[in-house]
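*Asks:* Compact mmCIF, C-alpha atoms, saved as coords09.txt, coming up:
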```txt
# COMPACT_ATOMS: atom_id res chain seq x y z
CA MET N 1 35.70 -24.72 96.34
CA GLU N 2 38.68 -25.16 98.64
CA ALA N 3 38.96 -26.79 102.05
CA LEU N 4 38.67 -24.31 104.91
CA PRO N 5 41.62 -23.75 107.28
CA ILE N 6 41.34 -25.74 110.51
CA LEU N 7 41.93 -24.12 113.91
CA THR N 8 44.52 -26.06 115.87
CA TYR N 9 45.21 -26.28 119.58
CA PRO N 10 46.21 -24.14 121.53
CA ASP N 11 44.04 -21.64 119.62
CA PRO N 12 41.79 -20.29 122.42
CA ARG N 13 38.78 -20.18 120.07
CA LEU N 14 38.55 -23.97 120.29
CA LYS N 15 37.41 -23.52 123.93
CA GLN N 16 34.41 -21.45 122.86
CA THR N 17 30.82 -22.69 123.22
CA SER N 18 28.90 -22.56 119.94
CA GLU N 19 25.53 -20.88 119.37
CA ALA N 20 22.39 -22.65 118.18
CA VAL N 21 21.53 -22.38 114.49
CA THR N 22 18.34 -20.28 114.25
CA GLN N 23 18.11 -19.78 110.51
CA ILE N 24 18.85 -22.28 107.76
CA ASP N 25 19.36 -20.33 104.56
CA GLY N 26 21.36 -20.55 101.35
CA GLU N 27 24.46 -19.14 103.02
CA LEU N 28 24.35 -21.84 105.70
CA VAL N 29 23.80 -24.59 103.12
CA ALA N 30 26.80 -23.31 101.16
CA PHE N 31 28.90 -23.27 104.33
CA VAL N 32 27.93 -26.89 105.09
CA GLY N 33 29.09 -27.78 101.56
CA GLN N 34 32.47 -26.21 102.27
CA LEU N 35 32.65 -27.89 105.67
CA LYS N 36 31.91 -31.26 104.06
CA GLN N 37 34.73 -30.74 101.59
CA THR N 38 37.06 -29.78 104.45
CA MET N 39 36.09 -32.95 106.32
CA TYR N 40 36.86 -35.23 103.37
CA ALA N 41 40.18 -33.43 102.80
CA GLY N 42 41.31 -34.21 106.38
CA PRO N 43 43.51 -37.12 107.42
CA GLY N 44 40.61 -39.11 108.88
CA GLY N 45 37.81 -37.53 106.94
CA VAL N 46 34.99 -39.05 109.01
CA GLY N 47 33.79 -36.09 111.06
CA ILE N 48 34.05 -32.34 111.56
CA ALA N 49 32.36 -29.62 113.61
CA ALA N 50 31.78 -26.03 112.50
CA PRO N 51 33.87 -24.46 115.31
CA GLN N 52 36.93 -26.31 113.99
CA VAL N 53 36.92 -23.89 111.06
CA GLY N 54 36.13 -20.87 113.25
CA ARG N 55 32.35 -20.78 112.80
CA PHE N 56 30.78 -21.04 116.26
CA GLN N 57 27.44 -22.56 115.37
CA ARG N 58 26.06 -25.95 116.39
CA ILE N 59 26.73 -27.88 113.19
CA VAL N 60 28.34 -31.33 113.06
CA LEU N 61 29.06 -33.51 110.05
CA VAL N 62 29.83 -37.22 110.22
CA ASP N 63 30.42 -39.93 107.67
CA VAL N 64 32.04 -43.11 108.97
CA SER N 65 31.13 -45.10 105.84
CA PRO N 66 34.79 -45.20 104.70
CA LYS N 67 35.34 -47.36 107.80
CA LEU N 68 31.98 -49.11 108.31
CA LYS N 69 30.64 -49.23 104.71
CA ASP N 70 26.85 -49.67 104.89
CA LYS N 71 26.77 -50.50 108.62
CA CYS N 72 26.21 -46.85 109.54
CA HIS N 73 24.09 -43.84 108.59
CA GLY N 74 26.50 -42.61 105.93
CA PHE N 75 26.88 -38.86 105.52
CA LEU N 76 24.84 -36.83 108.03
CA THR N 77 24.46 -33.13 108.71
CA LEU N 78 23.49 -32.67 112.36
CA ILE N 79 22.22 -29.19 113.15
CA ASN N 80 21.63 -28.30 116.82
CA PRO N 81 22.29 -31.92 117.91
CA ARG N 82 21.10 -32.94 121.40
CA LEU N 83 22.14 -36.08 123.25
CA LEU N 84 18.92 -37.71 124.51
CA GLU N 85 20.17 -41.05 125.83
CA TRP N 86 23.41 -42.91 126.22
CA ASN N 87 24.38 -46.39 127.25
CA GLY N 88 27.56 -48.36 127.96
CA MET N 89 31.16 -47.22 127.99
CA ALA N 90 34.16 -48.10 125.90
CA VAL N 91 37.72 -46.90 125.60
CA GLY N 92 38.97 -46.03 122.16
CA ARG N 93 41.86 -44.16 120.65
CA GLU N 94 41.12 -40.79 119.09
CA GLY N 95 42.93 -38.18 117.12
CA CYS N 96 41.69 -34.81 115.94
CA MET N 97 42.44 -32.49 113.02
CA SER N 98 42.57 -29.67 115.59
CA VAL N 99 45.21 -31.52 117.67
CA PRO N 100 47.78 -32.68 115.11
CA ASP N 101 50.38 -35.35 115.88
CA PHE N 102 48.73 -36.67 119.02
CA THR N 103 46.29 -39.47 119.81
CA GLY N 104 44.95 -40.66 123.14
CA ASN N 105 42.57 -43.04 124.88
CA VAL N 106 39.11 -41.64 125.59
CA ILE N 107 36.05 -43.20 127.28
CA ARG N 108 32.81 -42.68 125.34
CA ALA N 109 29.30 -44.07 125.50
CA GLU N 110 28.86 -47.13 123.28
CA GLU N 111 25.31 -46.31 122.20
CA ILE N 112 23.68 -42.90 121.94
CA LEU N 113 20.36 -41.42 120.85
CA VAL N 114 20.75 -37.99 119.28
CA GLN N 115 18.11 -35.60 118.04
CA ALA N 116 19.11 -33.08 115.39
CA GLN N 117 17.78 -31.04 112.49
CA ASP N 118 18.77 -31.64 108.90
CA LEU N 119 19.48 -28.96 106.31
CA ASN N 120 15.73 -28.61 105.66
CA GLY N 121 15.12 -27.88 109.34
CA ARG N 122 13.38 -31.21 109.92
CA GLU N 123 13.94 -32.95 113.25
CA HIS N 124 15.33 -36.51 113.30
CA ALA N 125 16.30 -38.94 116.04
CA TYR N 126 19.34 -41.08 115.28
CA GLU N 127 20.65 -44.12 117.10
CA PHE N 128 24.40 -44.48 116.84
CA GLU N 129 26.64 -47.20 118.20
CA GLY N 130 30.33 -48.05 118.41
CA PHE N 131 32.66 -46.21 116.08
CA GLU N 132 29.90 -43.97 114.71
CA ALA N 133 28.69 -43.06 118.22
CA ARG N 134 32.28 -42.18 119.14
CA ALA N 135 32.64 -39.91 116.12
CA VAL N 136 29.36 -38.09 116.88
CA GLN N 137 30.30 -37.58 120.56
CA HIS N 138 33.75 -36.30 119.61
CA GLU N 139 32.25 -33.75 117.20
CA MET N 140 29.49 -32.70 119.59
CA ASP N 141 32.18 -31.98 122.19
CA HIS N 142 33.62 -29.32 119.85
CA LEU N 143 30.28 -27.45 120.17
CA GLU N 144 30.93 -27.18 123.93
CA GLY N 145 34.55 -26.12 123.48
CA LEU N 146 35.87 -29.53 124.49
CA LEU N 147 38.69 -31.46 122.84
CA PHE N 148 39.48 -35.14 123.28
CA LEU N 149 42.39 -33.90 125.42
CA ASP N 150 39.76 -32.86 127.99
CA ARG N 151 38.61 -36.48 128.24
CA LEU N 152 41.86 -38.48 128.22
CA VAL N 153 42.05 -41.49 130.49
CA SER N 154 44.99 -43.59 131.52
CA ARG N 155 44.87 -47.30 130.90
CA ASN N 156 45.16 -47.88 134.63
CA ALA N 157 42.14 -45.76 135.42
CA ASP N 158 40.21 -47.63 132.78
CA LEU N 159 41.04 -50.99 134.30
CA PHE N 160 39.98 -49.86 137.77
CA LYS N 161 36.71 -48.40 136.45
CA ARG N 162 35.81 -51.56 134.59
CA LYS N 163 36.49 -53.65 137.65
CA ARG N 164 33.99 -51.60 139.61
CA TYR N 165 31.31 -51.74 136.93
CA LYS N 166 31.28 -55.49 136.42
CA MET O 167 71.79 -27.07 123.90
CA LYS O 168 70.24 -29.40 126.47
CA SER O 169 71.13 -33.04 126.92
CA GLN O 170 68.79 -35.93 127.65
CA ALA O 171 68.78 -38.34 130.58
CA ILE O 172 66.57 -41.09 131.95
CA LEU O 173 65.64 -40.85 135.60
CA THR O 174 64.15 -43.64 137.69
CA VAL O 175 63.06 -43.14 141.29
CA ILE O 176 61.53 -45.78 143.52
CA GLY O 177 60.47 -45.64 147.14
CA GLN O 178 57.79 -46.57 149.63
CA ASP O 179 54.58 -44.83 148.55
CA ARG O 180 53.70 -41.65 150.45
CA PRO O 181 52.39 -38.19 149.62
CA GLY O 182 54.90 -35.70 148.20
CA ILE O 183 57.25 -37.90 146.17
CA VAL O 184 56.34 -36.50 142.75
CA SER O 185 56.32 -32.97 144.11
CA ALA O 186 59.74 -33.27 145.75
CA VAL O 187 61.38 -34.86 142.71
CA SER O 188 59.88 -32.52 140.13
CA GLN O 189 60.64 -29.43 142.25
CA ALA O 190 64.28 -30.53 142.51
CA LEU O 191 64.40 -31.05 138.73
CA TYR O 192 62.85 -27.64 138.15
CA ASN O 193 65.39 -26.01 140.46
CA ALA O 194 68.18 -27.68 138.47
CA GLY O 195 66.80 -26.21 135.21
CA CYS O 196 65.52 -29.54 133.87
CA SER O 197 62.42 -30.06 131.78
CA ILE O 198 60.38 -33.25 131.97
CA GLU O 199 59.47 -34.90 128.69
CA ASP O 200 57.90 -38.38 128.64
CA ALA O 201 57.03 -39.61 132.12
CA SER O 202 55.31 -42.57 133.68
CA MET O 203 54.74 -42.52 137.42
CA MET O 204 52.65 -45.04 139.32
CA ARG O 205 52.08 -46.99 142.48
CA LEU O 206 53.36 -50.55 142.27
CA GLY O 207 52.33 -52.64 145.24
CA GLY O 208 53.19 -50.46 148.21
CA TYR O 209 55.90 -48.62 146.30
CA PHE O 210 55.92 -45.61 144.03
CA ALA O 211 57.94 -45.63 140.82
CA ILE O 212 58.95 -42.71 138.61
CA MET O 213 60.41 -43.19 135.15
CA GLN O 214 61.03 -40.19 133.01
CA VAL O 215 63.02 -38.71 130.18
CA LEU O 216 64.29 -35.28 131.07
CA ARG O 217 66.40 -32.57 129.50
CA TYR O 218 69.10 -30.95 131.57
CA PRO O 219 71.04 -27.80 130.76
CA ARG O 220 74.37 -28.26 132.54
CA ASP O 221 76.29 -31.27 133.82
CA LEU O 222 74.43 -34.30 135.09
CA GLY O 223 76.26 -34.00 138.43
CA SER O 224 74.41 -30.80 139.27
CA VAL O 225 71.06 -32.55 138.55
CA GLU O 226 72.05 -35.42 140.81
CA ALA O 227 73.05 -32.97 143.54
CA ALA O 228 69.68 -31.21 143.24
CA LEU O 229 67.83 -34.52 143.58
CA ASP O 230 69.97 -35.68 146.47
CA SER O 231 68.16 -33.95 149.33
CA ALA O 232 64.74 -35.00 148.03
CA THR O 233 65.69 -38.64 147.67
CA LYS O 234 67.39 -38.71 151.09
CA LYS O 235 64.46 -37.05 152.85
CA LEU O 236 61.92 -39.48 151.39
CA ASP O 237 64.24 -42.50 151.41
CA LEU O 238 64.06 -43.01 147.64
CA LYS O 239 66.33 -45.04 145.37
CA MET O 240 67.42 -43.18 142.26
CA HIS O 241 69.19 -43.79 138.95
CA LEU O 242 70.12 -41.03 136.55
CA ASP O 243 71.62 -42.04 133.23
CA PRO O 244 72.50 -39.86 130.24
CA VAL O 245 71.03 -41.06 126.93
CA ALA O 246 71.47 -40.14 123.30
CA PRO O 247 68.97 -37.47 122.18
CA TYR O 248 65.84 -38.96 120.66
CA SER O 249 63.16 -37.09 118.78
CA GLY O 250 60.42 -39.71 118.95
CA ALA O 251 59.74 -39.20 115.25
CA ALA O 252 60.09 -42.88 114.41
CA GLU O 253 57.50 -44.08 116.93
CA ILE O 254 54.92 -46.45 115.47
CA PRO O 255 51.48 -46.01 117.07
CA PRO O 256 49.79 -49.05 118.65
CA ASN O 257 47.49 -51.08 116.42
CA CYS O 258 46.73 -53.93 118.82
CA ARG O 259 45.58 -54.41 122.42
CA VAL O 260 45.94 -57.70 124.30
CA THR O 261 44.03 -58.31 127.53
CA VAL O 262 44.95 -61.32 129.66
CA PHE O 263 43.37 -62.51 132.88
CA GLY O 264 43.14 -65.70 134.84
CA ALA O 265 44.03 -67.55 138.03
CA ASP O 266 47.48 -66.29 138.99
CA HIS O 267 50.46 -68.57 138.49
CA PRO O 268 54.09 -68.10 137.42
CA GLY O 269 54.76 -67.95 133.67
CA ILE O 270 51.80 -65.98 132.33
CA VAL O 271 53.83 -62.90 131.39
CA ALA O 272 56.79 -64.91 130.07
CA HIS O 273 54.66 -67.09 127.82
CA VAL O 274 52.33 -64.38 126.53
CA THR O 275 55.15 -61.96 125.75
CA GLY O 276 57.26 -64.79 124.31
CA ALA O 277 54.52 -65.57 121.80
CA LEU O 278 54.17 -61.87 120.99
CA ALA O 279 57.91 -61.49 120.41
CA GLU O 280 57.81 -64.42 117.95
CA VAL O 281 55.52 -62.42 115.64
CA GLY O 282 57.52 -59.21 116.00
CA PHE O 283 54.99 -57.53 118.31
CA ASN O 284 56.55 -54.39 119.78
CA ILE O 285 55.17 -53.75 123.28
CA ILE O 286 54.61 -50.06 123.83
CA ASP O 287 52.82 -50.35 127.14
CA LEU O 288 52.23 -53.16 129.62
CA ASN O 289 50.27 -52.89 132.85
CA SER O 290 49.40 -55.68 135.20
CA HIS O 291 47.65 -56.06 138.51
CA LEU O 292 47.39 -58.87 140.96
CA SER O 293 43.92 -58.78 142.47
CA GLY O 294 41.31 -61.06 143.95
CA GLY O 295 41.66 -62.69 147.36
CA GLU O 296 44.82 -64.21 148.77
CA ASP O 297 43.39 -67.69 148.40
CA ARG O 298 42.19 -67.06 144.82
CA PRO O 299 44.56 -64.51 143.26
CA VAL O 300 43.64 -63.23 139.79
CA TYR O 301 46.25 -61.83 137.44
CA ILE O 302 45.17 -59.12 134.98
CA MET O 303 47.42 -57.73 132.26
CA THR O 304 46.84 -55.26 129.44
CA ILE O 305 49.34 -54.81 126.65
CA GLN O 306 49.32 -52.27 123.85
CA GLY O 307 51.70 -52.36 120.98
CA SER O 308 52.30 -52.54 117.29
CA ALA O 309 51.93 -55.85 115.51
CA PRO O 310 53.46 -55.85 112.01
CA GLY O 311 51.26 -58.80 110.97
CA GLY O 312 48.09 -57.25 112.37
CA VAL O 313 45.57 -58.58 114.88
CA ASP O 314 45.08 -61.95 113.15
CA ALA O 315 48.78 -62.85 113.44
CA VAL O 316 48.70 -61.99 117.15
CA GLU O 317 45.55 -64.04 117.67
CA ALA O 318 47.17 -67.04 115.98
CA ALA O 319 50.37 -66.67 118.00
CA LEU O 320 48.47 -66.61 121.29
CA SER O 321 46.01 -69.42 120.63
CA SER O 322 48.23 -72.15 122.09
CA VAL O 323 49.21 -69.96 125.09
CA ARG O 324 45.54 -69.54 125.97
CA ALA O 325 45.12 -73.30 126.42
CA GLU O 326 48.50 -73.98 128.01
CA GLU O 327 48.17 -71.24 130.63
CA SER O 328 44.39 -71.58 131.16
CA VAL O 329 43.93 -67.83 130.94
CA GLU O 330 41.50 -65.62 129.06
CA ILE O 331 43.21 -63.71 126.26
CA ARG O 332 41.46 -61.08 124.20
CA VAL O 333 43.12 -59.55 121.16
CA SER O 334 41.49 -56.42 119.79
CA PRO O 335 42.48 -53.86 117.20
CA VAL O 336 43.32 -50.35 118.37
CA ASP O 337 41.38 -48.32 115.85
CA THR O 338 42.55 -44.75 115.97
CA LEU O 339 39.59 -42.63 114.98
CA MET O 340 40.93 -39.50 113.29
CA LEU O 341 38.34 -36.75 113.44
```
Translate the structure of the given file into structure tokens.
*Replies:*
Amino acid sequence: MEALPILTYPDPRLKQTSEAVTQIDGELVAFVGQLKQTMYAGPGGVGIAAPQVGRFQRIVLVDVSPKLKDKCHGFLTLINPRLLEWNGMAVGREGCMSVPDFTGNVIRAEEILVQAQDLNGREHAYEFEGFEARAVQHEMDHLEGLLFLDRLVSRNADLFKRKRYK
Amino acid sequence: MKSQAILTVIGQDRPGIVSAVSQALYNAGCSIEDASMMRLGGYFAIMQVLRYPRDLGSVEAALDSATKKLDLKMHLDPVAPYSGAAEIPPNCRVTVFGADHPGIVAHVTGALAEVGFNIIDLNSHLSGGEDRPVYIMTIQGSAPGGVDAVEAALSSVRAEESVEIRVSPVDTLML
């Protein structure tokens, strides 16, 4: 099984909103296997969303264990993920397989509560924080046709925002 | 074949500066590459790398009416072409704040230079009231010895300057 080709900006398909998954069958499970392989083959290898390989369904994979070891959920398949709650804000630097050769500062929630189905169709609620929360938010953005480029902040703007919050 | 130049423009802040300068550059056939433009105190500063197609004199002539109209000071200097390929991304962020006094920037950046820290970006603001001014500075750059070396280099500065200094890694999350 080979890694799937990644769509890269400015491919207009990356702006597309993805459809909900309504049927989890063998074909979908096989696709998730291919997507997982594609994720691990990438330069970061800690997250991927189905639309990045041209399949416009609400499927996100994350695995930040290479960075956080056992202080995270490990490999997760999130099908039809919904953001239920979020808390806090932090600036971090992000890059994306779909936007090669560019990284930028992005504000994300520090803690999030996400509900999603697994590959058996069962519903789960996950609490993510920090690096893992950032990865999940970045991938969920792909389902809405958003790239990290849509959320770039300048360091100045960040400083002013923080001053107002504290 | 286009040549590269660095343009700096500074003037009292008012609406229309960026528009006037970039329209003049466009009319002269220039393209803007890296740019940083911001308000500094009551002034507005433009720094940018641009590519120009003909002689630099024609670019200067195109900018002339804009800078005169808005009372701007301008420098336009040709530079050797640079691809940006060798740029090292930041791996360290330093945040400094404290009661304002002379020497904060000199001593912080002096300690950073000692450990080979290459500053990529530095922003600072003077805020707080006139009677209790607070100086805030954020620095991003690449530290060859990593965050720990930077932390060690700044530990004495923190006490000597009585300022808060936070050193944090810039983790680039590749997704």
*Asks:* Leaving out segment 199-214 of chain O and any residue of its chain fewer than 4 positions from it, which residues lie within 10 Å of it when counting all atoms listed in the file, given as a tab-separated table (two decimals) with C-alpha atoms, in the coordinates of the input?
*Replies:*
```tsv
chain	number	residue	atom	x	y	z
N	156	ASN	CA	45.16	-47.88	134.63
O	170	GLN	CA	68.79	-35.93	127.65
O	171	ALA	CA	68.78	-38.34	130.58
O	172	ILE	CA	66.57	-41.09	131.95
O	173	LEU	CA	65.64	-40.85	135.60
O	174	THR	CA	64.15	-43.64	137.69
O	175	VAL	CA	63.06	-43.14	141.29
O	176	ILE	CA	61.53	-45.78	143.52
O	177	GLY	CA	60.47	-45.64	147.14
O	178	GLN	CA	57.79	-46.57	149.63
O	179	ASP	CA	54.58	-44.83	148.55
O	180	ARG	CA	53.70	-41.65	150.45
O	181	PRO	CA	52.39	-38.19	149.62
O	183	ILE	CA	57.25	-37.90	146.17
O	184	VAL	CA	56.34	-36.50	142.75
O	187	VAL	CA	61.38	-34.86	142.71
O	238	LEU	CA	64.06	-43.01	147.64
O	239	LYS	CA	66.33	-45.04	145.37
O	240	MET	CA	67.42	-43.18	142.26
O	241	HIS	CA	69.19	-43.79	138.95
O	242	LEU	CA	70.12	-41.03	136.55
O	290	SER	CA	49.40	-55.68	135.20
O	291	HIS	CA	47.65	-56.06	138.51
O	292	LEU	CA	47.39	-58.87	140.96
```
*Asks:* Could you tell me how far atom CA of Gln115 of chain N lies from atom CA of Leu7 of chain N, in Å and to one decimal?
*Replies:* 26.8 Å
*Asks:* Write out as number ranges by chain which residues come within 12 Å of Cys72 of chain N when counting all atoms listed in the file, dropping same-chain ones fewer than 3 positions away.
*Replies:* N: 46, 62-69, 75-76, 126-133, 135-136
*Asks:* What residues in chain N lie within 10 Å of chain O, counting all atoms listed in the file, written as a ChimeraX atom specification?
*Replies:* /N:39,42-49,62,64,67,91-100,102-105,131-132,134-136,138-139,155-156,159-160
*Asks:* Got a sec: who's within 9 Å of segment 309-317 of chain O, counting all atoms listed in the file, leaving out chain neighbours fewer than 5 positions off, as a list in words?
*Replies:*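 Using all atoms listed in the file, the neighbours found are Pro256, Asn257, Cys258, Arg259, Val260, Ala277, Leu278, Val281, Gly282, Phe283, Asn284, Ile285, Ile331, Arg332, Val333, Ser334 and Pro335 of chain O.
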*Asks:* In Å, with one decimal, what is the gap from atom CA of Leu78 of chain N to atom CA of Ile6 of chain N?
*Replies:*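 Spanning atom CA of Leu78 of chain N to atom CA of Ile6 of chain N is a straight-line distance of 19.2 Å.
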*Asks:* Which residues are close to Ala265 of chain O, i.e. within 7 Å by only C-alpha atoms, leaving aside same-chain residues fewer than 5 positions away? Reply as a PyMOL selection string.
*Replies:* chain O and resi 299-301
*Asks:* In the coordinate frame of the file, compute which residues have an atom within 10 Å of (29.2, -35.0, 123.0) when using only C-alpha atoms, and state them as a count of residues only.
*Replies:* 20
*Asks:* Can you measure atom CA of Cys196 of chain O to atom CA of Asp237 of chain O for me? One decimal in Å is fine.
*Replies:*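 Here the two named atoms are 21.8 Å from each other.
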*Asks:* Within 12 Å of (72.5, -33.5, 144.5), in the coordinates the file gives, what residues turn up when you count all atoms listed in the file, written out as a list in words?
*Replies:*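 Answer for this query, in the requested form: Val187, Ala190, Leu191, Asn193, Ala194, Asp221, Leu222, Gly223, Ser224, Val225, Glu226, Ala227, Ala228, Leu229, Asp230, Ser231, Ala232, Thr233, Lys234, Met240 and Leu242 of chain O.
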*Asks:* Neighbours of Pro5 of chain N within 9 Å (only C-alpha atoms; same-chain residues fewer than 5 positions away dropped), as a short mmCIF file (atom, residue, chain, number, x, y, z; two decimals) with C-alpha atoms, in the frame of the given file?
*Replies:*
```cif
data_model
loop_
_atom_site.label_atom_id
_atom_site.label_comp_id
_atom_site.auth_asym_id
_atom_site.auth_seq_id
_atom_site.Cartn_x
_atom_site.Cartn_y
_atom_site.Cartn_z
CA THR N 38 37.06 -29.78 104.45
CA GLN N 52 36.93 -26.31 113.99
CA VAL N 53 36.92 -23.89 111.06
CA GLY N 54 36.13 -20.87 113.25
#
```
*Asks:* Output, as AutoDock Vina command-line options, the centre and edge lengths in Å (one decimal) of the axis-aligned box that contains all listed atoms of segment 309-326 of chain O with 6 Å of margin on each side.
*Replies:*
```
--center_x 49.3 --center_y -64.9 --center_z 119.5 --size_x 20.4 --size_y 30.1 --size_z 29.0
```
*Asks:* Nearest to Tyr40 of chain N: which of N:Ile79, N:Ile24, N:Leu152, N:Leu61 is it, counting all atoms listed in the file?
*Replies:*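 Going through N:Ile79, N:Ile24, N:Leu152, N:Leu61 one by one, the smallest distance to Tyr40 of chain N is for N:Leu61.
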*Asks:* Using only C-alpha atoms, what does the table of segment 208-284 of chain O residues within 12 Å of segment 320-327 of chain O look like, with each row giving the shortest atom pair and its distance in Å to one decimal, sorted by chain and ascending number, as a Markdown table?
*Replies:*
```
| residue | atom | partner | partner_atom | distance |
| --- | --- | --- | --- | --- |
| O:Val260 | CA | O:Leu320 | CA | 9.7 |
| O:Thr261 | CA | O:Leu320 | CA | 11.3 |
| O:Val262 | CA | O:Arg324 | CA | 9.0 |
| O:Phe263 | CA | O:Arg324 | CA | 10.1 |
| O:Gly264 | CA | O:Glu327 | CA | 8.6 |
| O:Ala265 | CA | O:Glu327 | CA | 9.2 |
| O:Asp266 | CA | O:Glu327 | CA | 9.7 |
| O:His267 | CA | O:Glu327 | CA | 8.6 |
| O:Pro268 | CA | O:Glu327 | CA | 9.5 |
| O:Gly269 | CA | O:Glu327 | CA | 8.0 |
| O:Ile270 | CA | O:Glu327 | CA | 6.6 |
| O:Val271 | CA | O:Glu327 | CA | 10.1 |
| O:Ala272 | CA | O:Val323 | CA | 10.4 |
| O:His273 | CA | O:Val323 | CA | 6.7 |
| O:Val274 | CA | O:Val323 | CA | 6.6 |
| O:Thr275 | CA | O:Leu320 | CA | 9.3 |
| O:Gly276 | CA | O:Leu320 | CA | 9.5 |
| O:Ala277 | CA | O:Leu320 | CA | 6.2 |
| O:Leu278 | CA | O:Leu320 | CA | 7.4 |
| O:Ala279 | CA | O:Leu320 | CA | 10.8 |
| O:Glu280 | CA | O:Leu320 | CA | 10.2 |
| O:Val281 | CA | O:Leu320 | CA | 10.0 |
| O:Phe283 | CA | O:Leu320 | CA | 11.6 |
```
*Asks:* Find the residue from O:Leu216, O:Ala319, O:Ile198, O:Ile286 that sits nearest to Asp243 of chain O; use only C-alpha atoms when measuring.
*Replies:* O:Leu216
*Asks:* For segment 14-19 of chain N of the block above, can you save all heavy atoms as an mmCIF file, in the first residue's frame?
*Replies:*
```cif
data_model
loop_
_atom_site.group_PDB
_atom_site.id
_atom_site.type_symbol
_atom_site.label_atom_id
_atom_site.label_comp_id
_atom_site.auth_asym_id
_atom_site.auth_seq_id
_atom_site.Cartn_x
_atom_site.Cartn_y
_atom_site.Cartn_z
ATOM 1 N N LEU N 14 -9.001 22.370 -1.915
ATOM 2 C CA LEU N 14 -8.728 22.492 -0.474
ATOM 3 C C LEU N 14 -9.676 23.470 0.215
ATOM 4 O O LEU N 14 -9.742 23.519 1.442
ATOM 5 C CB LEU N 14 -7.272 22.944 -0.251
ATOM 6 C CG LEU N 14 -6.210 21.873 -0.532
ATOM 7 C CD1 LEU N 14 -4.825 22.501 -0.617
ATOM 8 C CD2 LEU N 14 -6.235 20.801 0.544
ATOM 9 N N LYS N 15 -10.433 24.256 -0.570
ATOM 10 C CA LYS N 15 -11.394 25.212 0.006
ATOM 11 C C LYS N 15 -12.779 24.577 0.203
ATOM 12 O O LYS N 15 -13.700 25.214 0.693
ATOM 13 C CB LYS N 15 -11.564 26.428 -0.922
ATOM 14 C CG LYS N 15 -10.304 27.167 -1.287
ATOM 15 C CD LYS N 15 -9.659 27.970 -0.218
ATOM 16 C CE LYS N 15 -10.333 29.117 0.399
ATOM 17 N NZ LYS N 15 -9.626 29.705 1.520
ATOM 18 N N GLN N 16 -12.904 23.343 -0.215
ATOM 19 C CA GLN N 16 -14.199 22.665 -0.207
ATOM 20 C C GLN N 16 -14.591 22.214 1.204
ATOM 21 O O GLN N 16 -13.740 21.797 1.982
ATOM 22 C CB GLN N 16 -14.057 21.436 -1.113
ATOM 23 C CG GLN N 16 -15.335 20.874 -1.652
ATOM 24 C CD GLN N 16 -15.025 19.878 -2.771
ATOM 25 O OE1 GLN N 16 -14.183 20.138 -3.637
ATOM 26 N NE2 GLN N 16 -15.686 18.737 -2.735
ATOM 27 N N THR N 17 -15.902 22.285 1.510
ATOM 28 C CA THR N 17 -16.399 21.763 2.784
ATOM 29 C C THR N 17 -16.693 20.275 2.612
ATOM 30 O O THR N 17 -17.297 19.863 1.620
ATOM 31 C CB THR N 17 -17.690 22.502 3.195
ATOM 32 O OG1 THR N 17 -17.424 23.894 3.218
ATOM 33 C CG2 THR N 17 -18.169 22.064 4.571
ATOM 34 N N SER N 18 -16.284 19.475 3.593
ATOM 35 C CA SER N 18 -16.455 18.024 3.465
ATOM 36 C C SER N 18 -17.816 17.568 3.987
ATOM 37 O O SER N 18 -18.425 18.201 4.839
ATOM 38 C CB SER N 18 -15.333 17.308 4.212
ATOM 39 O OG SER N 18 -14.114 17.481 3.521
ATOM 40 N N GLU N 19 -18.261 16.436 3.453
ATOM 41 C CA GLU N 19 -19.564 15.851 3.812
ATOM 42 C C GLU N 19 -19.408 14.918 5.014
ATOM 43 O O GLU N 19 -18.351 14.310 5.208
ATOM 44 C CB GLU N 19 -20.093 15.006 2.639
ATOM 45 C CG GLU N 19 -20.209 15.749 1.320
ATOM 46 C CD GLU N 19 -21.445 16.629 1.280
ATOM 47 O OE1 GLU N 19 -22.403 16.350 2.034
ATOM 48 O OE2 GLU N 19 -21.450 17.605 0.506
#
```
